[in-house]
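Visitor: This is the structure I want to talk about, given as structure tokens.
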2 protein chains.
Amino acid sequence: MTFAATPEPPYYAVVFTSSMTGNDPEGYAKMAESMERLAATMPGYLGIETGRGDVGVTVSYWQDLESIENWKSNIQHQAAQQIGKAKWYQDFVVRVAKVERDYAMSGWEA
Amino acid sequence: MTFAATPEPPYYAVVFTSSMTGNDPEGYAKMAESMERLAATMPGYLGIETGRGDVGVTVSYWQDLESIENWKSNIQHQAAQQIGKAKWYQDFVVRVAKVERDYAMSGWEA
């Protein structure tokens with residue numbers, strides 16, 4: 001299973017949509033993997049789901065707004081954000097949303 | 001630009017995460033395109049962003065909960081959902097979330 005094992009709502013989702021410059025894809029892939037590992041150690045982290053098409057869509061799930069702020073201001077994450085803006089991302093949009101309800105087809109335990 | 005042109009928050013996001021059976025990919029692609037076109041005609045529709053990796057992540061944006069309910073119960077959409085459950089989707093999770101704030105790097109007008 002590759003779905004985030006989120007708890008009963010409410011919890012929070014950060015929807016990160018991005019388009020890439022195409023520069024240094026190997027460096028980006030390494031950093032993305034490293035940031036996913038780091039995020040998973042943060043308090044309030046609930047999981048992540050990601051896909052890429054015309055744009056990349058990454059949704060990370062968090063217990064509350066405080067855990068999102070804490071992750072946003074993490075020093076290693078901030079360094080990665082700076083490199084991302086300078087080198088990898090052409091554009092991105094971040095949306096912070098409160099999950100009010102969820103449901104599933106099967107095979108998924110909230 | 002392939003980002004959804006969403007307005008100032010608050011508005012709603014429906015995060016649809018799915019894994020596929022792998023059956024009939026052409027039929028699925030046709031139906032997905034048809035449903036995106038249909039969704040775009042619905043009242044309260046604000047846009048859609050989609051990517052696919054280990055899972056598919058599709059985020060559609062809506063003005064309010066009423067427009068989401070209206071889309072969910074659309075008769076053509078319901079027929080597509082039934083075929084999807086029977087044939088294309090191995091699993092899926094739907095999360096309905098209220099976007100409380102958003103920000104962007106550049107090039108994006110909310």
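Identifiers in the structure tokens: chain A, B, ... in order shown; residue index from 1 per chain; ligand index from 1 in order shown.
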So which residues of segment 49-97 of chain B fall under strand (DSSP E) by DSSP, listed as a list in words?
Guide: Glu49, Thr50, Gly51, Arg52, Gly56, Val57, Thr58, Val59, Ser60, Tyr61, Trp62, Tyr89, Gln90, Asp91, Phe92, Val93, Val94, Arg95, Val96 and Ala97 of chain B
Visitor: Apply DSSP to the structure's backbone, then extract all residues of segment 63-103 of chain B labelled helix (DSSP H, G or I) and return them as a VMD selection string.
Guide: chain B and resid 65 to 72 75 to 88
Visitor: For chain B, which residue out of A:Thr21, A:Gln78, A:Gln90, A:Thr41 is the nearest one, using only C-alpha atoms?
Guide: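 For chain B, the nearest of the given residues is A:Gln90.
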Visitor: Should the cut-off be 9 Å, what would the residue list for chain B against chain A look like, counting only C-alpha atoms, as a ChimeraX atom specification?
Guide: /B:1-3,12-13,15,17-19,49-59,85,89-108
Visitor: By how many Å are atom CA of Ser60 of chain A and atom CA of Gly47 of chain A apart?
Guide: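 These two atoms are separated by 5.8 Å.
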Visitor: Please determine, counting only C-alpha atoms, which residue among A:Met20, A:Met35, A:Ala40, A:Ile48 has the shortest atom-to-atom distance to Gln76 of chain A.
Guide: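 Answer, going by the shortest atom-to-atom distance: A:Met35.
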Visitor: Would you superpose chain A on chain B, least squares on all C-alpha atoms in order, and hand back the fitted chain as a CSV table (one decimal) with N, CA, C and O atoms, in the first residue's frame?
Guide:
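Below you can see result-v7.csv, which holds the result:
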chain,number,residue,atom,x,y,z
A,1,MET,N,0.6,27.4,-18.4
A,1,MET,CA,0.4,27.1,-17.0
A,1,MET,C,-0.6,25.9,-16.8
A,1,MET,O,-1.7,25.9,-17.5
A,2,THR,N,-0.3,25.0,-16.0
A,2,THR,CA,-1.2,23.9,-15.7
A,2,THR,C,-1.6,23.9,-14.3
A,2,THR,O,-2.1,22.8,-13.8
A,3,PHE,N,-1.5,25.0,-13.6
A,3,PHE,CA,-2.0,25.1,-12.2
A,3,PHE,C,-3.5,25.5,-12.2
A,3,PHE,O,-3.9,26.3,-13.1
A,4,ALA,N,-4.2,25.0,-11.3
A,4,ALA,CA,-5.6,25.5,-11.2
A,4,ALA,C,-5.7,26.9,-10.8
A,4,ALA,O,-5.0,27.3,-9.9
A,5,ALA,N,-6.5,27.7,-11.5
A,5,ALA,CA,-6.6,29.2,-11.2
A,5,ALA,C,-7.6,29.4,-10.1
A,5,ALA,O,-8.7,29.9,-10.3
A,6,THR,N,-7.3,29.0,-8.9
A,6,THR,CA,-8.2,29.0,-7.8
A,6,THR,C,-8.3,30.5,-7.2
A,6,THR,O,-7.3,31.2,-7.3
A,7,PRO,N,-9.4,30.8,-6.6
A,7,PRO,CA,-9.6,32.2,-6.0
A,7,PRO,C,-8.9,32.3,-4.7
A,7,PRO,O,-8.3,31.3,-4.2
A,8,GLU,N,-9.1,33.4,-4.0
A,8,GLU,CA,-8.6,33.6,-2.6
A,8,GLU,C,-9.3,32.5,-1.7
A,8,GLU,O,-10.5,32.3,-1.9
A,9,PRO,N,-8.6,31.9,-0.8
A,9,PRO,CA,-9.3,31.0,0.1
A,9,PRO,C,-10.3,31.8,1.0
A,9,PRO,O,-10.1,33.0,1.1
A,10,PRO,N,-11.3,31.0,1.5
A,10,PRO,CA,-11.4,29.6,1.5
A,10,PRO,C,-12.1,29.1,0.3
A,10,PRO,O,-13.0,29.7,-0.3
A,11,TYR,N,-11.7,27.9,-0.1
A,11,TYR,CA,-12.4,27.1,-1.1
A,11,TYR,C,-12.1,25.6,-0.8
A,11,TYR,O,-11.4,25.4,0.2
A,12,TYR,N,-12.6,24.7,-1.6
A,12,TYR,CA,-12.4,23.3,-1.2
A,12,TYR,C,-11.5,22.5,-2.2
A,12,TYR,O,-11.5,22.8,-3.4
A,13,ALA,N,-10.8,21.5,-1.6
A,13,ALA,CA,-10.0,20.6,-2.4
A,13,ALA,C,-10.5,19.2,-2.2
A,13,ALA,O,-10.8,18.8,-1.1
A,14,VAL,N,-10.7,18.4,-3.3
A,14,VAL,CA,-11.0,17.0,-3.1
A,14,VAL,C,-9.7,16.2,-3.6
A,14,VAL,O,-9.3,16.3,-4.8
A,15,VAL,N,-9.0,15.6,-2.7
A,15,VAL,CA,-7.8,14.8,-3.0
A,15,VAL,C,-8.2,13.4,-3.3
A,15,VAL,O,-8.7,12.7,-2.3
A,16,PHE,N,-8.0,12.9,-4.5
A,16,PHE,CA,-8.4,11.6,-4.9
A,16,PHE,C,-7.1,10.8,-5.2
A,16,PHE,O,-6.4,11.1,-6.1
A,17,THR,N,-6.8,9.8,-4.3
A,17,THR,CA,-5.5,9.0,-4.5
A,17,THR,C,-6.0,7.6,-4.9
A,17,THR,O,-6.8,7.1,-4.3
A,18,SER,N,-5.3,7.1,-5.9
A,18,SER,CA,-5.8,5.8,-6.4
A,18,SER,C,-4.6,4.9,-6.8
A,18,SER,O,-3.6,5.4,-7.2
A,19,SER,N,-4.8,3.6,-6.7
A,19,SER,CA,-4.0,2.6,-7.4
A,19,SER,C,-4.8,1.9,-8.4
A,19,SER,O,-6.0,1.6,-8.2
A,20,MET,N,-4.2,1.5,-9.5
A,20,MET,CA,-4.9,1.0,-10.6
A,20,MET,C,-4.8,-0.6,-10.7
A,20,MET,O,-3.7,-1.1,-10.3
A,21,THR,N,-5.8,-1.2,-11.3
A,21,THR,CA,-5.6,-2.6,-11.6
A,21,THR,C,-4.7,-2.9,-12.8
A,21,THR,O,-4.1,-3.9,-12.9
A,22,GLY,N,-4.6,-1.9,-13.6
A,22,GLY,CA,-3.9,-2.0,-14.9
A,22,GLY,C,-4.7,-2.6,-16.0
A,22,GLY,O,-4.3,-2.6,-17.2
A,23,ASN,N,-6.0,-2.9,-15.8
A,23,ASN,CA,-6.9,-3.3,-16.8
A,23,ASN,C,-7.4,-2.2,-17.7
A,23,ASN,O,-7.7,-1.1,-17.1
A,24,ASP,N,-7.4,-2.4,-19.0
A,24,ASP,CA,-8.1,-1.4,-19.9
A,24,ASP,C,-7.6,0.0,-19.7
A,24,ASP,O,-8.4,0.9,-19.5
A,25,PRO,N,-6.3,0.2,-19.8
A,25,PRO,CA,-5.8,1.6,-19.6
A,25,PRO,C,-6.3,2.6,-20.6
A,25,PRO,O,-6.5,3.8,-20.3
A,26,GLU,N,-6.6,2.2,-21.9
A,26,GLU,CA,-7.1,3.1,-22.9
A,26,GLU,C,-8.5,3.5,-22.5
A,26,GLU,O,-8.9,4.7,-22.6
A,27,GLY,N,-9.4,2.6,-22.1
A,27,GLY,CA,-10.7,2.9,-21.6
A,27,GLY,C,-10.7,3.9,-20.5
A,27,GLY,O,-11.5,4.8,-20.4
A,28,TYR,N,-9.8,3.6,-19.5
A,28,TYR,CA,-9.6,4.5,-18.4
A,28,TYR,C,-9.2,5.9,-18.8
A,28,TYR,O,-9.8,6.9,-18.4
A,29,ALA,N,-8.2,6.0,-19.7
A,29,ALA,CA,-7.8,7.3,-20.1
A,29,ALA,C,-8.9,8.1,-20.8
A,29,ALA,O,-9.0,9.3,-20.6
A,30,LYS,N,-9.7,7.4,-21.6
A,30,LYS,CA,-10.8,8.1,-22.3
A,30,LYS,C,-11.8,8.6,-21.3
A,30,LYS,O,-12.3,9.7,-21.4
A,31,MET,N,-12.1,7.8,-20.3
A,31,MET,CA,-13.1,8.1,-19.3
A,31,MET,C,-12.6,9.3,-18.5
A,31,MET,O,-13.4,10.2,-18.1
A,32,ALA,N,-11.3,9.2,-18.1
A,32,ALA,CA,-10.8,10.3,-17.2
A,32,ALA,C,-10.9,11.6,-17.9
A,32,ALA,O,-11.2,12.6,-17.3
A,33,GLU,N,-10.5,11.6,-19.2
A,33,GLU,CA,-10.6,12.9,-20.0
A,33,GLU,C,-12.0,13.4,-20.1
A,33,GLU,O,-12.3,14.6,-19.9
A,34,SER,N,-12.9,12.4,-20.3
A,34,SER,CA,-14.3,12.8,-20.5
A,34,SER,C,-14.9,13.4,-19.2
A,34,SER,O,-15.6,14.4,-19.1
A,35,MET,N,-14.5,12.8,-18.0
A,35,MET,CA,-14.9,13.2,-16.7
A,35,MET,C,-14.3,14.6,-16.4
A,35,MET,O,-15.0,15.5,-15.8
A,36,GLU,N,-13.1,14.8,-16.8
A,36,GLU,CA,-12.5,16.2,-16.6
A,36,GLU,C,-13.2,17.2,-17.3
A,36,GLU,O,-13.5,18.3,-16.8
A,37,ARG,N,-13.6,16.9,-18.6
A,37,ARG,CA,-14.4,17.9,-19.4
A,37,ARG,C,-15.7,18.1,-18.7
A,37,ARG,O,-16.2,19.3,-18.7
A,38,LEU,N,-16.4,17.1,-18.2
A,38,LEU,CA,-17.7,17.2,-17.6
A,38,LEU,C,-17.6,18.0,-16.3
A,38,LEU,O,-18.4,18.9,-16.1
A,39,ALA,N,-16.6,17.7,-15.5
A,39,ALA,CA,-16.4,18.4,-14.2
A,39,ALA,C,-16.3,19.9,-14.5
A,39,ALA,O,-16.8,20.7,-13.7
A,40,ALA,N,-15.6,20.3,-15.5
A,40,ALA,CA,-15.3,21.7,-15.8
A,40,ALA,C,-16.6,22.5,-16.2
A,40,ALA,O,-16.6,23.7,-16.1
A,41,THR,N,-17.7,21.7,-16.5
A,41,THR,CA,-19.0,22.4,-16.8
A,41,THR,C,-19.8,22.6,-15.5
A,41,THR,O,-20.9,23.2,-15.6
A,42,MET,N,-19.4,22.0,-14.4
A,42,MET,CA,-20.2,21.9,-13.2
A,42,MET,C,-20.1,23.3,-12.4
A,42,MET,O,-19.1,23.9,-12.4
A,43,PRO,N,-21.2,23.7,-11.8
A,43,PRO,CA,-21.2,24.9,-11.0
A,43,PRO,C,-20.2,24.7,-9.8
A,43,PRO,O,-20.2,23.6,-9.2
A,44,GLY,N,-19.4,25.7,-9.6
A,44,GLY,CA,-18.5,25.7,-8.4
A,44,GLY,C,-17.2,25.1,-8.7
A,44,GLY,O,-16.3,25.0,-7.9
A,45,TYR,N,-17.0,24.5,-10.0
A,45,TYR,CA,-15.7,23.9,-10.3
A,45,TYR,C,-14.6,25.0,-10.5
A,45,TYR,O,-14.9,26.0,-11.1
A,46,LEU,N,-13.5,24.8,-9.9
A,46,LEU,CA,-12.4,25.8,-9.9
A,46,LEU,C,-11.2,25.3,-10.6
A,46,LEU,O,-10.3,26.1,-11.0
A,47,GLY,N,-11.0,24.0,-10.8
A,47,GLY,CA,-9.8,23.5,-11.5
A,47,GLY,C,-9.4,22.1,-11.1
A,47,GLY,O,-10.0,21.6,-10.1
A,48,ILE,N,-8.4,21.6,-11.7
A,48,ILE,CA,-7.9,20.2,-11.4
A,48,ILE,C,-6.4,20.1,-11.6
A,48,ILE,O,-5.9,20.8,-12.5
A,49,GLU,N,-5.7,19.4,-10.8
A,49,GLU,CA,-4.3,19.1,-11.0
A,49,GLU,C,-4.1,17.6,-10.7
A,49,GLU,O,-4.6,17.1,-9.8
A,50,THR,N,-3.3,17.0,-11.6
A,50,THR,CA,-3.2,15.6,-11.5
A,50,THR,C,-1.7,15.1,-11.8
A,50,THR,O,-1.0,15.7,-12.5
A,51,GLY,N,-1.3,14.0,-11.1
A,51,GLY,CA,0.0,13.4,-11.3
A,51,GLY,C,-0.1,11.9,-11.0
A,51,GLY,O,-1.0,11.5,-10.3
A,52,ARG,N,0.8,11.2,-11.6
A,52,ARG,CA,0.8,9.7,-11.3
A,52,ARG,C,2.2,9.2,-11.0
A,52,ARG,O,3.1,9.6,-11.7
A,53,GLY,N,2.4,8.5,-9.9
A,53,GLY,CA,3.6,7.9,-9.5
A,53,GLY,C,3.3,6.5,-9.1
A,53,GLY,O,2.6,5.7,-9.8
A,54,ASP,N,3.7,6.1,-7.8
A,54,ASP,CA,3.3,4.8,-7.3
A,54,ASP,C,1.8,4.8,-7.1
A,54,ASP,O,1.1,3.7,-7.3
A,55,VAL,N,1.2,6.0,-6.9
A,55,VAL,CA,-0.2,6.1,-6.9
A,55,VAL,C,-0.6,7.3,-7.8
A,55,VAL,O,0.3,8.1,-8.1
A,56,GLY,N,-1.8,7.4,-8.2
A,56,GLY,CA,-2.3,8.6,-8.9
A,56,GLY,C,-2.8,9.6,-7.8
A,56,GLY,O,-3.5,9.2,-6.9
A,57,VAL,N,-2.5,10.8,-8.0
A,57,VAL,CA,-3.0,11.9,-7.1
A,57,VAL,C,-3.7,12.9,-7.9
A,57,VAL,O,-3.0,13.6,-8.8
A,58,THR,N,-5.0,13.1,-7.8
A,58,THR,CA,-5.7,14.1,-8.5
A,58,THR,C,-6.4,15.0,-7.5
A,58,THR,O,-7.1,14.5,-6.6
A,59,VAL,N,-6.2,16.3,-7.6
A,59,VAL,CA,-6.8,17.2,-6.7
A,59,VAL,C,-7.7,18.1,-7.5
A,59,VAL,O,-7.3,18.8,-8.5
A,60,SER,N,-9.0,18.1,-7.2
A,60,SER,CA,-9.9,19.0,-7.9
A,60,SER,C,-10.4,20.0,-6.9
A,60,SER,O,-10.4,19.7,-5.7
A,61,TYR,N,-10.6,21.2,-7.4
A,61,TYR,CA,-10.9,22.4,-6.5
A,61,TYR,C,-12.3,22.8,-6.8
A,61,TYR,O,-12.8,22.9,-7.9
A,62,TRP,N,-13.0,23.2,-5.7
A,62,TRP,CA,-14.4,23.5,-5.7
A,62,TRP,C,-14.7,24.7,-4.8
A,62,TRP,O,-14.1,24.9,-3.8
A,63,GLN,N,-15.8,25.4,-5.2
A,63,GLN,CA,-16.1,26.6,-4.4
A,63,GLN,C,-16.6,26.3,-3.0
A,63,GLN,O,-16.3,27.0,-2.1
A,64,ASP,N,-17.4,25.2,-2.9
A,64,ASP,CA,-18.0,24.9,-1.6
A,64,ASP,C,-18.4,23.4,-1.5
A,64,ASP,O,-18.3,22.7,-2.6
A,65,LEU,N,-18.9,23.0,-0.4
A,65,LEU,CA,-19.3,21.6,-0.2
A,65,LEU,C,-20.4,21.2,-1.1
A,65,LEU,O,-20.5,20.1,-1.6
A,66,GLU,N,-21.3,22.1,-1.3
A,66,GLU,CA,-22.5,21.9,-2.2
A,66,GLU,C,-22.1,21.5,-3.6
A,66,GLU,O,-22.6,20.6,-4.2
A,67,SER,N,-21.1,22.2,-4.1
A,67,SER,CA,-20.7,21.9,-5.5
A,67,SER,C,-20.0,20.6,-5.6
A,67,SER,O,-20.1,19.9,-6.6
A,68,ILE,N,-19.3,20.2,-4.5
A,68,ILE,CA,-18.7,18.8,-4.5
A,68,ILE,C,-19.8,17.8,-4.4
A,68,ILE,O,-19.7,16.8,-5.2
A,69,GLU,N,-20.8,17.9,-3.6
A,69,GLU,CA,-21.9,17.0,-3.5
A,69,GLU,C,-22.6,16.8,-4.8
A,69,GLU,O,-23.0,15.8,-5.3
A,70,ASN,N,-22.8,18.0,-5.5
A,70,ASN,CA,-23.5,18.0,-6.7
A,70,ASN,C,-22.7,17.3,-7.8
A,70,ASN,O,-23.3,16.5,-8.6
A,71,TRP,N,-21.4,17.4,-7.8
A,71,TRP,CA,-20.6,16.7,-8.8
A,71,TRP,C,-20.6,15.2,-8.5
A,71,TRP,O,-20.7,14.4,-9.3
A,72,LYS,N,-20.5,14.9,-7.2
A,72,LYS,CA,-20.4,13.5,-6.8
A,72,LYS,C,-21.7,12.7,-7.2
A,72,LYS,O,-21.6,11.6,-7.6
A,73,SER,N,-22.8,13.4,-7.2
A,73,SER,CA,-24.1,12.8,-7.5
A,73,SER,C,-24.5,12.9,-9.0
A,73,SER,O,-25.6,12.4,-9.3
A,74,ASN,N,-23.7,13.6,-9.8
A,74,ASN,CA,-24.0,13.7,-11.2
A,74,ASN,C,-24.1,12.3,-11.8
A,74,ASN,O,-23.3,11.4,-11.6
A,75,ILE,N,-25.2,12.1,-12.6
A,75,ILE,CA,-25.5,10.8,-13.1
A,75,ILE,C,-24.5,10.2,-14.0
A,75,ILE,O,-24.1,9.0,-13.9
A,76,GLN,N,-23.8,11.0,-14.9
A,76,GLN,CA,-22.8,10.5,-15.7
A,76,GLN,C,-21.5,10.1,-14.9
A,76,GLN,O,-20.8,9.2,-15.1
A,77,HIS,N,-21.3,11.0,-13.9
A,77,HIS,CA,-20.1,10.8,-13.0
A,77,HIS,C,-20.4,9.5,-12.2
A,77,HIS,O,-19.4,8.7,-12.0
A,78,GLN,N,-21.6,9.3,-11.7
A,78,GLN,CA,-21.9,8.1,-10.9
A,78,GLN,C,-21.7,6.8,-11.8
A,78,GLN,O,-21.1,5.8,-11.3
A,79,ALA,N,-22.1,6.9,-13.0
A,79,ALA,CA,-21.9,5.7,-13.9
A,79,ALA,C,-20.4,5.4,-14.1
A,79,ALA,O,-19.9,4.3,-14.0
A,80,ALA,N,-19.6,6.5,-14.2
A,80,ALA,CA,-18.1,6.4,-14.4
A,80,ALA,C,-17.5,5.8,-13.1
A,80,ALA,O,-16.6,4.9,-13.1
A,81,GLN,N,-18.0,6.2,-11.9
A,81,GLN,CA,-17.5,5.7,-10.7
A,81,GLN,C,-17.8,4.2,-10.5
A,81,GLN,O,-16.9,3.5,-10.0
A,82,GLN,N,-18.9,3.8,-11.0
A,82,GLN,CA,-19.3,2.3,-10.9
A,82,GLN,C,-18.3,1.5,-11.8
A,82,GLN,O,-17.8,0.5,-11.4
A,83,ILE,N,-18.1,2.0,-13.0
A,83,ILE,CA,-17.1,1.3,-13.9
A,83,ILE,C,-15.7,1.3,-13.3
A,83,ILE,O,-15.0,0.3,-13.3
A,84,GLY,N,-15.4,2.5,-12.7
A,84,GLY,CA,-14.0,2.6,-12.1
A,84,GLY,C,-13.8,1.6,-11.0
A,84,GLY,O,-12.8,0.9,-10.9
A,85,LYS,N,-14.8,1.4,-10.2
A,85,LYS,CA,-14.7,0.5,-9.0
A,85,LYS,C,-14.7,-0.9,-9.5
A,85,LYS,O,-14.0,-1.8,-9.0
A,86,ALA,N,-15.4,-1.2,-10.6
A,86,ALA,CA,-15.5,-2.6,-11.1
A,86,ALA,C,-14.2,-3.0,-11.9
A,86,ALA,O,-13.8,-4.1,-12.0
A,87,LYS,N,-13.6,-2.0,-12.6
A,87,LYS,CA,-12.6,-2.3,-13.6
A,87,LYS,C,-11.2,-1.7,-13.4
A,87,LYS,O,-10.2,-2.4,-13.5
A,88,TRP,N,-11.2,-0.4,-13.1
A,88,TRP,CA,-9.9,0.3,-13.2
A,88,TRP,C,-9.2,0.5,-11.9
A,88,TRP,O,-8.0,0.5,-11.8
A,89,TYR,N,-9.9,0.7,-10.8
A,89,TYR,CA,-9.3,1.1,-9.5
A,89,TYR,C,-9.1,-0.2,-8.7
A,89,TYR,O,-10.0,-0.9,-8.4
A,90,GLN,N,-7.9,-0.4,-8.2
A,90,GLN,CA,-7.6,-1.4,-7.2
A,90,GLN,C,-8.1,-0.9,-5.8
A,90,GLN,O,-8.7,-1.6,-5.1
A,91,ASP,N,-7.7,0.3,-5.5
A,91,ASP,CA,-8.0,1.0,-4.3
A,91,ASP,C,-8.1,2.5,-4.5
A,91,ASP,O,-7.4,3.0,-5.4
A,92,PHE,N,-8.8,3.2,-3.7
A,92,PHE,CA,-8.7,4.7,-3.8
A,92,PHE,C,-9.1,5.2,-2.4
A,92,PHE,O,-9.8,4.6,-1.6
A,93,VAL,N,-8.7,6.4,-2.2
A,93,VAL,CA,-9.0,7.2,-1.0
A,93,VAL,C,-9.5,8.6,-1.5
A,93,VAL,O,-8.8,9.2,-2.3
A,94,VAL,N,-10.6,9.1,-0.9
A,94,VAL,CA,-11.0,10.4,-1.2
A,94,VAL,C,-11.0,11.3,0.1
A,94,VAL,O,-11.5,10.8,1.1
A,95,ARG,N,-10.4,12.4,0.0
A,95,ARG,CA,-10.3,13.3,1.1
A,95,ARG,C,-10.9,14.7,0.7
A,95,ARG,O,-10.4,15.2,-0.3
A,96,VAL,N,-11.8,15.2,1.5
A,96,VAL,CA,-12.4,16.5,1.2
A,96,VAL,C,-11.9,17.5,2.2
A,96,VAL,O,-12.0,17.2,3.5
A,97,ALA,N,-11.3,18.5,1.7
A,97,ALA,CA,-10.5,19.4,2.6
A,97,ALA,C,-10.8,20.9,2.3
A,97,ALA,O,-11.0,21.2,1.1
A,98,LYS,N,-10.8,21.7,3.3
A,98,LYS,CA,-11.1,23.1,3.1
A,98,LYS,C,-9.7,23.9,3.0
A,98,LYS,O,-9.0,23.8,4.0
A,99,VAL,N,-9.5,24.5,1.9
A,99,VAL,CA,-8.2,25.2,1.7
A,99,VAL,C,-8.3,26.5,2.5
A,99,VAL,O,-9.2,27.3,2.3
A,100,GLU,N,-7.4,26.7,3.5
A,100,GLU,CA,-7.4,27.8,4.4
A,100,GLU,C,-6.5,28.9,4.0
A,100,GLU,O,-6.7,30.1,4.2
A,101,ARG,N,-5.3,28.5,3.3
A,101,ARG,CA,-4.4,29.5,2.8
A,101,ARG,C,-3.6,28.9,1.7
A,101,ARG,O,-3.5,27.7,1.6
A,102,ASP,N,-3.1,29.8,0.8
A,102,ASP,CA,-2.3,29.3,-0.3
A,102,ASP,C,-1.2,30.4,-0.6
A,102,ASP,O,-1.4,31.5,-0.3
A,103,TYR,N,-0.1,29.9,-1.2
A,103,TYR,CA,0.9,30.9,-1.7
A,103,TYR,C,1.7,30.2,-2.8
A,103,TYR,O,1.6,29.0,-3.0
A,104,ALA,N,2.4,31.0,-3.5
A,104,ALA,CA,3.0,30.5,-4.8
A,104,ALA,C,4.4,31.1,-4.9
A,104,ALA,O,4.7,32.2,-4.3
A,105,MET,N,5.2,30.5,-5.7
A,105,MET,CA,6.6,31.0,-6.0
A,105,MET,C,6.4,32.2,-6.9
A,105,MET,O,7.0,33.3,-6.7
A,106,SER,N,5.8,32.0,-8.0
A,106,SER,CA,5.7,33.1,-9.1
A,106,SER,C,4.8,32.6,-10.2
A,106,SER,O,4.4,31.5,-10.2
A,107,GLY,N,4.4,33.5,-11.0
A,107,GLY,CA,3.7,33.2,-12.3
A,107,GLY,C,2.3,32.6,-12.1
A,107,GLY,O,1.7,32.1,-13.0
A,108,TRP,N,1.8,32.7,-10.9
A,108,TRP,CA,0.5,32.2,-10.6
A,108,TRP,C,-0.4,33.2,-10.0
A,108,TRP,O,0.0,33.8,-9.0
A,109,GLU,N,-1.5,33.4,-10.6
A,109,GLU,CA,-2.5,34.4,-10.1
A,109,GLU,C,-3.6,33.7,-9.4
A,109,GLU,O,-4.3,32.9,-10.1
A,110,ALA,N,-3.8,33.9,-8.1
A,110,ALA,CA,-4.9,33.3,-7.4
A,110,ALA,C,-6.2,33.9,-7.8
A,110,ALA,O,-6.2,35.0,-8.3
